[in-house]
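The structure under discussion appears below in the form of structure tokens.
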Amino acid sequence: MSKLGNIGARLYRGEVGYDFIGKRKIWYGISILITITAIVGLAVRGLNMGIEFSGGAVFTTPKTSVSAAEAEHKAEAAAEGHQATVQKLGNGGLRIQISELDTQQSVPVQEALAKDLDVPVKDINTQLVGPSWGEEIANKAWLGLGIFMILVVIYLAIAFEWRMALAALIALIHDLTITVGVYALVGFEVTPGTVIGLLTILGYSLYDTVVVFDSLKEASKDIGKQTRFTYSELANRSINSTLVRSINTTVVALLPVAGLLFVGGGVLGAGMLNDISLALFVGLAAGAYSSIFIATPLVADFKERDPAMKALAKRVRAKRAAAAAKADAPEQQETAQGAGDEDVPQDAEGDEDAAGSMVGQRNQPASRSRGRGRPSGKRR
């Protein structure tokens, strides 16, 4: 068996483990810091909305020697101040997006780009997107997200309990906030591919959370009938028993996504692959983190407020205190006996001397009195 497999087996059996629940305040602090950073980035920089949401035109050119930065400058000059985003494609061409550009403005912009880039006008492909279409996509995305959240809460409340449903909902919001904040900080364009990626990561995040919750549900069955573990300790054992599985699942899922993000998007300039892969990469990492460090510790916090769990924790502490006192009692007794054995010979010897002298003192008067009282001869 490999070393990792051996560790996983020992974690599953509870022979080794890390105290995730005991250090939950550290994880809460880290998550709060990351979330605040994401919210600040979102508020300051905002999201770079694609033309699918803001409306505009997309011009795709054939292979050209003009750089992306130079093409962006020329596109903004041709569009008279409209914001342009230029991306170098794998075939050497350019994908030029100009926001808030209508149909009448697109024709002269196409002609100006053809002249500046030294390519034929007919070879430039033009695609126009109206803002109403993007607004419809955004509304449907929000509707799908809301329906998904509601169904998740209902399912977890029925399959497990409302505390787990609430913790999973908080973890999902945590993952979405971090992913959207990273988009704002990095400046990647938000496209329909981004929306698809965001909806996809919710399923991955929920999967890891449900795996840990299922293990916790099985471990905490009839928890009130035992006094060995508190609920938090059983929750910690559940995290450790599924830790290797969560790590393996996350790594296997992240490897192809990283290939899309760094190879497909960074090297090949693969357009929409950037939008989908960044959302998946950040969301998968955040989901694995939240299922271990956020969702389960939150469930433990919620459950420990229950009077039954408080009573159980009190009984567990009392039993452990009694066991510790019982274990210390023989040691104290052996220590006392050892000290007594060292003192007894001296005390016994002194007692024997004192007893002997007292017996001698008693016997001497008795013998003298018997000697004086004895008649020297027979009385006639």
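Chain identifiers are assigned as A, B, and so on, following the order in which chains appear in the structure tokens; residues are numbered from 1 within each chain, and ligands are numbered from 1 in order of appearance.
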**Study point:** Residues near Val195 in chain A, cut-off 10 Å, only C-alpha atoms, skip fewer than 3 positions along chain, as a list in words
**Key:** Ile137, Ala138, Ala141, Trp142, Leu145, Val190, Thr191, Pro192, Leu198, Leu199, Thr200, Asp275, Ile276 and Ala279 of chain A
Practice item. Skip Leu117 in chain A itself and residues of its chain fewer than 6 positions away, then list as a list in words all residues within 9 Å of it, counting only C-alpha atoms. Key: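 Once the adjacent positions are removed, what remains is Thr61, Thr64, Ser65, Val66, Ala71 and Lys74 of chain A.
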Would you put the residues from that selection into a file with N, CA and C atoms, as a PDB file, in the first residue's frame?
```pdb
ATOM      1  N   THR A  61     -10.802  39.031 -37.125  1.00  0.00           N
ATOM      2  CA  THR A  61      -9.957  39.303 -38.281  1.00  0.00           C
ATOM      3  C   THR A  61      -9.147  38.071 -38.652  1.00  0.00           C
ATOM      4  N   THR A  64      -2.868  38.428 -38.744  1.00  0.00           N
ATOM      5  CA  THR A  64      -2.252  39.734 -38.921  1.00  0.00           C
ATOM      6  C   THR A  64      -1.044  39.865 -38.004  1.00  0.00           C
ATOM      7  N   SER A  65      -0.118  40.735 -38.388  1.00  0.00           N
ATOM      8  CA  SER A  65       1.087  40.949 -37.587  1.00  0.00           C
ATOM      9  C   SER A  65       0.905  42.023 -36.523  1.00  0.00           C
ATOM     10  N   VAL A  66      -0.233  42.657 -36.491  1.00  0.00           N
ATOM     11  CA  VAL A  66      -0.497  43.715 -35.514  1.00  0.00           C
ATOM     12  C   VAL A  66      -0.691  43.090 -34.136  1.00  0.00           C
ATOM     13  N   ALA A  71      -3.746  46.904 -31.721  1.00  0.00           N
ATOM     14  CA  ALA A  71      -5.083  46.771 -32.295  1.00  0.00           C
ATOM     15  C   ALA A  71      -6.143  47.372 -31.377  1.00  0.00           C
ATOM     16  N   LYS A  74      -6.112  51.154 -31.887  1.00  0.00           N
ATOM     17  CA  LYS A  74      -6.717  51.524 -33.165  1.00  0.00           C
ATOM     18  C   LYS A  74      -8.230  51.292 -33.153  1.00  0.00           C
TER      19      LYS A  74
END
```
Review point. Given the choices A:Thr194, A:Gln105, A:Ser246, A:Asn91, which gets closest to Leu176 in chain A if the distance is worked out from only C-alpha atoms?
Key: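 Using only C-alpha atoms, the shortest distance to Leu176 in chain A belongs to A:Thr194.
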Practice item. Extract the full set of strand (DSSP E or B) residues from range 22-147 of chain A according to DSSP on the backbone, and format it as an MDAnalysis selection string. Key: chainID A and resid 48:49 56:60 84:88 94:99 125:129
Keeping only N, CA, C and O atoms, write those residues as a PDB file, in the first residue's frame.
```
ATOM      1  N   ASN A  48     -16.023  43.175 -15.472  1.00  0.00           N
ATOM      2  CA  ASN A  48     -15.847  43.522 -16.878  1.00  0.00           C
ATOM      3  C   ASN A  48     -16.867  42.735 -17.691  1.00  0.00           C
ATOM      4  O   ASN A  48     -16.609  41.620 -18.143  1.00  0.00           O
ATOM      5  N   MET A  49     -18.029  43.326 -17.866  1.00  0.00           N
ATOM      6  CA  MET A  49     -19.128  42.634 -18.524  1.00  0.00           C
ATOM      7  C   MET A  49     -18.872  42.555 -20.018  1.00  0.00           C
ATOM      8  O   MET A  49     -18.472  43.536 -20.663  1.00  0.00           O
ATOM      9  N   GLY A  56     -23.032  45.265 -28.102  1.00  0.00           N
ATOM     10  CA  GLY A  56     -21.882  45.734 -28.845  1.00  0.00           C
ATOM     11  C   GLY A  56     -21.625  44.887 -30.068  1.00  0.00           C
ATOM     12  O   GLY A  56     -22.531  44.200 -30.562  1.00  0.00           O
ATOM     13  N   ALA A  57     -20.397  44.951 -30.552  1.00  0.00           N
ATOM     14  CA  ALA A  57     -20.032  44.231 -31.776  1.00  0.00           C
ATOM     15  C   ALA A  57     -18.731  43.474 -31.570  1.00  0.00           C
ATOM     16  O   ALA A  57     -17.853  43.897 -30.811  1.00  0.00           O
ATOM     17  N   VAL A  58     -18.621  42.337 -32.261  1.00  0.00           N
ATOM     18  CA  VAL A  58     -17.422  41.507 -32.215  1.00  0.00           C
ATOM     19  C   VAL A  58     -16.882  41.401 -33.634  1.00  0.00           C
ATOM     20  O   VAL A  58     -17.585  40.954 -34.551  1.00  0.00           O
ATOM     21  N   PHE A  59     -15.633  41.794 -33.815  1.00  0.00           N
ATOM     22  CA  PHE A  59     -14.969  41.725 -35.118  1.00  0.00           C
ATOM     23  C   PHE A  59     -13.852  40.684 -35.032  1.00  0.00           C
ATOM     24  O   PHE A  59     -12.951  40.782 -34.199  1.00  0.00           O
ATOM     25  N   THR A  60     -13.909  39.706 -35.908  1.00  0.00           N
ATOM     26  CA  THR A  60     -12.886  38.661 -35.964  1.00  0.00           C
ATOM     27  C   THR A  60     -12.099  38.830 -37.254  1.00  0.00           C
ATOM     28  O   THR A  60     -12.670  38.784 -38.365  1.00  0.00           O
ATOM     29  N   ALA A  84     -12.802  48.971 -26.055  1.00  0.00           N
ATOM     30  CA  ALA A  84     -12.497  47.816 -26.900  1.00  0.00           C
ATOM     31  C   ALA A  84     -11.654  46.814 -26.119  1.00  0.00           C
ATOM     32  O   ALA A  84     -10.806  47.185 -25.302  1.00  0.00           O
ATOM     33  N   THR A  85     -11.906  45.547 -26.376  1.00  0.00           N
ATOM     34  CA  THR A  85     -11.125  44.450 -25.803  1.00  0.00           C
ATOM     35  C   THR A  85     -10.636  43.580 -26.944  1.00  0.00           C
ATOM     36  O   THR A  85     -11.440  43.089 -27.747  1.00  0.00           O
ATOM     37  N   VAL A  86      -9.318  43.390 -27.007  1.00  0.00           N
ATOM     38  CA  VAL A  86      -8.707  42.657 -28.117  1.00  0.00           C
ATOM     39  C   VAL A  86      -7.998  41.426 -27.572  1.00  0.00           C
ATOM     40  O   VAL A  86      -7.285  41.500 -26.558  1.00  0.00           O
ATOM     41  N   GLN A  87      -8.191  40.321 -28.262  1.00  0.00           N
ATOM     42  CA  GLN A  87      -7.563  39.061 -27.858  1.00  0.00           C
ATOM     43  C   GLN A  87      -6.928  38.408 -29.078  1.00  0.00           C
ATOM     44  O   GLN A  87      -7.550  38.330 -30.152  1.00  0.00           O
ATOM     45  N   LYS A  88      -5.694  37.956 -28.905  1.00  0.00           N
ATOM     46  CA  LYS A  88      -4.975  37.274 -29.985  1.00  0.00           C
ATOM     47  C   LYS A  88      -5.439  35.826 -30.054  1.00  0.00           C
ATOM     48  O   LYS A  88      -5.445  35.107 -29.040  1.00  0.00           O
ATOM     49  N   LEU A  94      -7.256  38.233 -34.771  1.00  0.00           N
ATOM     50  CA  LEU A  94      -7.647  39.040 -33.617  1.00  0.00           C
ATOM     51  C   LEU A  94      -9.160  38.956 -33.414  1.00  0.00           C
ATOM     52  O   LEU A  94      -9.924  38.889 -34.391  1.00  0.00           O
ATOM     53  N   ARG A  95      -9.526  38.942 -32.138  1.00  0.00           N
ATOM     54  CA  ARG A  95     -10.954  39.030 -31.784  1.00  0.00           C
ATOM     55  C   ARG A  95     -11.147  40.361 -31.058  1.00  0.00           C
ATOM     56  O   ARG A  95     -10.699  40.545 -29.935  1.00  0.00           O
ATOM     57  N   ILE A  96     -11.828  41.286 -31.729  1.00  0.00           N
ATOM     58  CA  ILE A  96     -11.984  42.653 -31.219  1.00  0.00           C
ATOM     59  C   ILE A  96     -13.431  42.846 -30.773  1.00  0.00           C
ATOM     60  O   ILE A  96     -14.358  42.715 -31.591  1.00  0.00           O
ATOM     61  N   GLN A  97     -13.592  43.148 -29.491  1.00  0.00           N
ATOM     62  CA  GLN A  97     -14.916  43.409 -28.940  1.00  0.00           C
ATOM     63  C   GLN A  97     -15.033  44.890 -28.618  1.00  0.00           C
ATOM     64  O   GLN A  97     -14.184  45.443 -27.918  1.00  0.00           O
ATOM     65  N   ILE A  98     -16.067  45.518 -29.132  1.00  0.00           N
ATOM     66  CA  ILE A  98     -16.319  46.930 -28.855  1.00  0.00           C
ATOM     67  C   ILE A  98     -17.710  47.033 -28.254  1.00  0.00           C
ATOM     68  O   ILE A  98     -18.712  46.671 -28.900  1.00  0.00           O
ATOM     69  N   SER A  99     -17.772  47.498 -27.009  1.00  0.00           N
ATOM     70  CA  SER A  99     -19.037  47.535 -26.290  1.00  0.00           C
ATOM     71  C   SER A  99     -19.891  48.717 -26.720  1.00  0.00           C
ATOM     72  O   SER A  99     -19.382  49.747 -27.183  1.00  0.00           O
ATOM     73  N   ASN A 125     -15.057  39.319 -39.973  1.00  0.00           N
ATOM     74  CA  ASN A 125     -16.379  38.812 -39.595  1.00  0.00           C
ATOM     75  C   ASN A 125     -16.957  39.700 -38.495  1.00  0.00           C
ATOM     76  O   ASN A 125     -16.303  39.956 -37.473  1.00  0.00           O
ATOM     77  N   THR A 126     -18.181  40.145 -38.664  1.00  0.00           N
ATOM     78  CA  THR A 126     -18.822  41.051 -37.707  1.00  0.00           C
ATOM     79  C   THR A 126     -20.044  40.371 -37.101  1.00  0.00           C
ATOM     80  O   THR A 126     -20.863  39.782 -37.830  1.00  0.00           O
ATOM     81  N   GLN A 127     -20.145  40.459 -35.784  1.00  0.00           N
ATOM     82  CA  GLN A 127     -21.295  39.907 -35.054  1.00  0.00           C
ATOM     83  C   GLN A 127     -21.812  40.972 -34.106  1.00  0.00           C
ATOM     84  O   GLN A 127     -21.066  41.482 -33.268  1.00  0.00           O
ATOM     85  N   LEU A 128     -23.085  41.281 -34.225  1.00  0.00           N
ATOM     86  CA  LEU A 128     -23.707  42.298 -33.388  1.00  0.00           C
ATOM     87  C   LEU A 128     -24.558  41.634 -32.320  1.00  0.00           C
ATOM     88  O   LEU A 128     -25.262  40.639 -32.583  1.00  0.00           O
ATOM     89  N   VAL A 129     -24.490  42.163 -31.103  1.00  0.00           N
ATOM     90  CA  VAL A 129     -25.253  41.641 -29.966  1.00  0.00           C
ATOM     91  C   VAL A 129     -25.982  42.808 -29.326  1.00  0.00           C
ATOM     92  O   VAL A 129     -25.368  43.825 -28.983  1.00  0.00           O
TER      93      VAL A 129
END
```
Review point. Please, what distance in Å, to one decimal, runs between CA of Ser205 in chain A and CA of Phe148 in chain A?
Key: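 Between these atoms lies a distance of 12.9 Å.
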Practice item. Please identify which residues in range 15-136 of chain A DSSP calls helix (DSSP H, G or I) from the backbone, and express them as a PyMOL selection string. Key: chain A and resi 24-44+51-54+68-78+103-117+121-123+131-136
Review point. Hey, which of A:Ala159, A:Val263, A:Ala325, A:Leu278 ends up closest to Val186 in chain A? Count only C-alpha atoms.
Key: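 Checking each of A:Ala159, A:Val263, A:Ala325, A:Leu278 against Val186 in chain A, counting only C-alpha atoms, the winner is A:Leu278.
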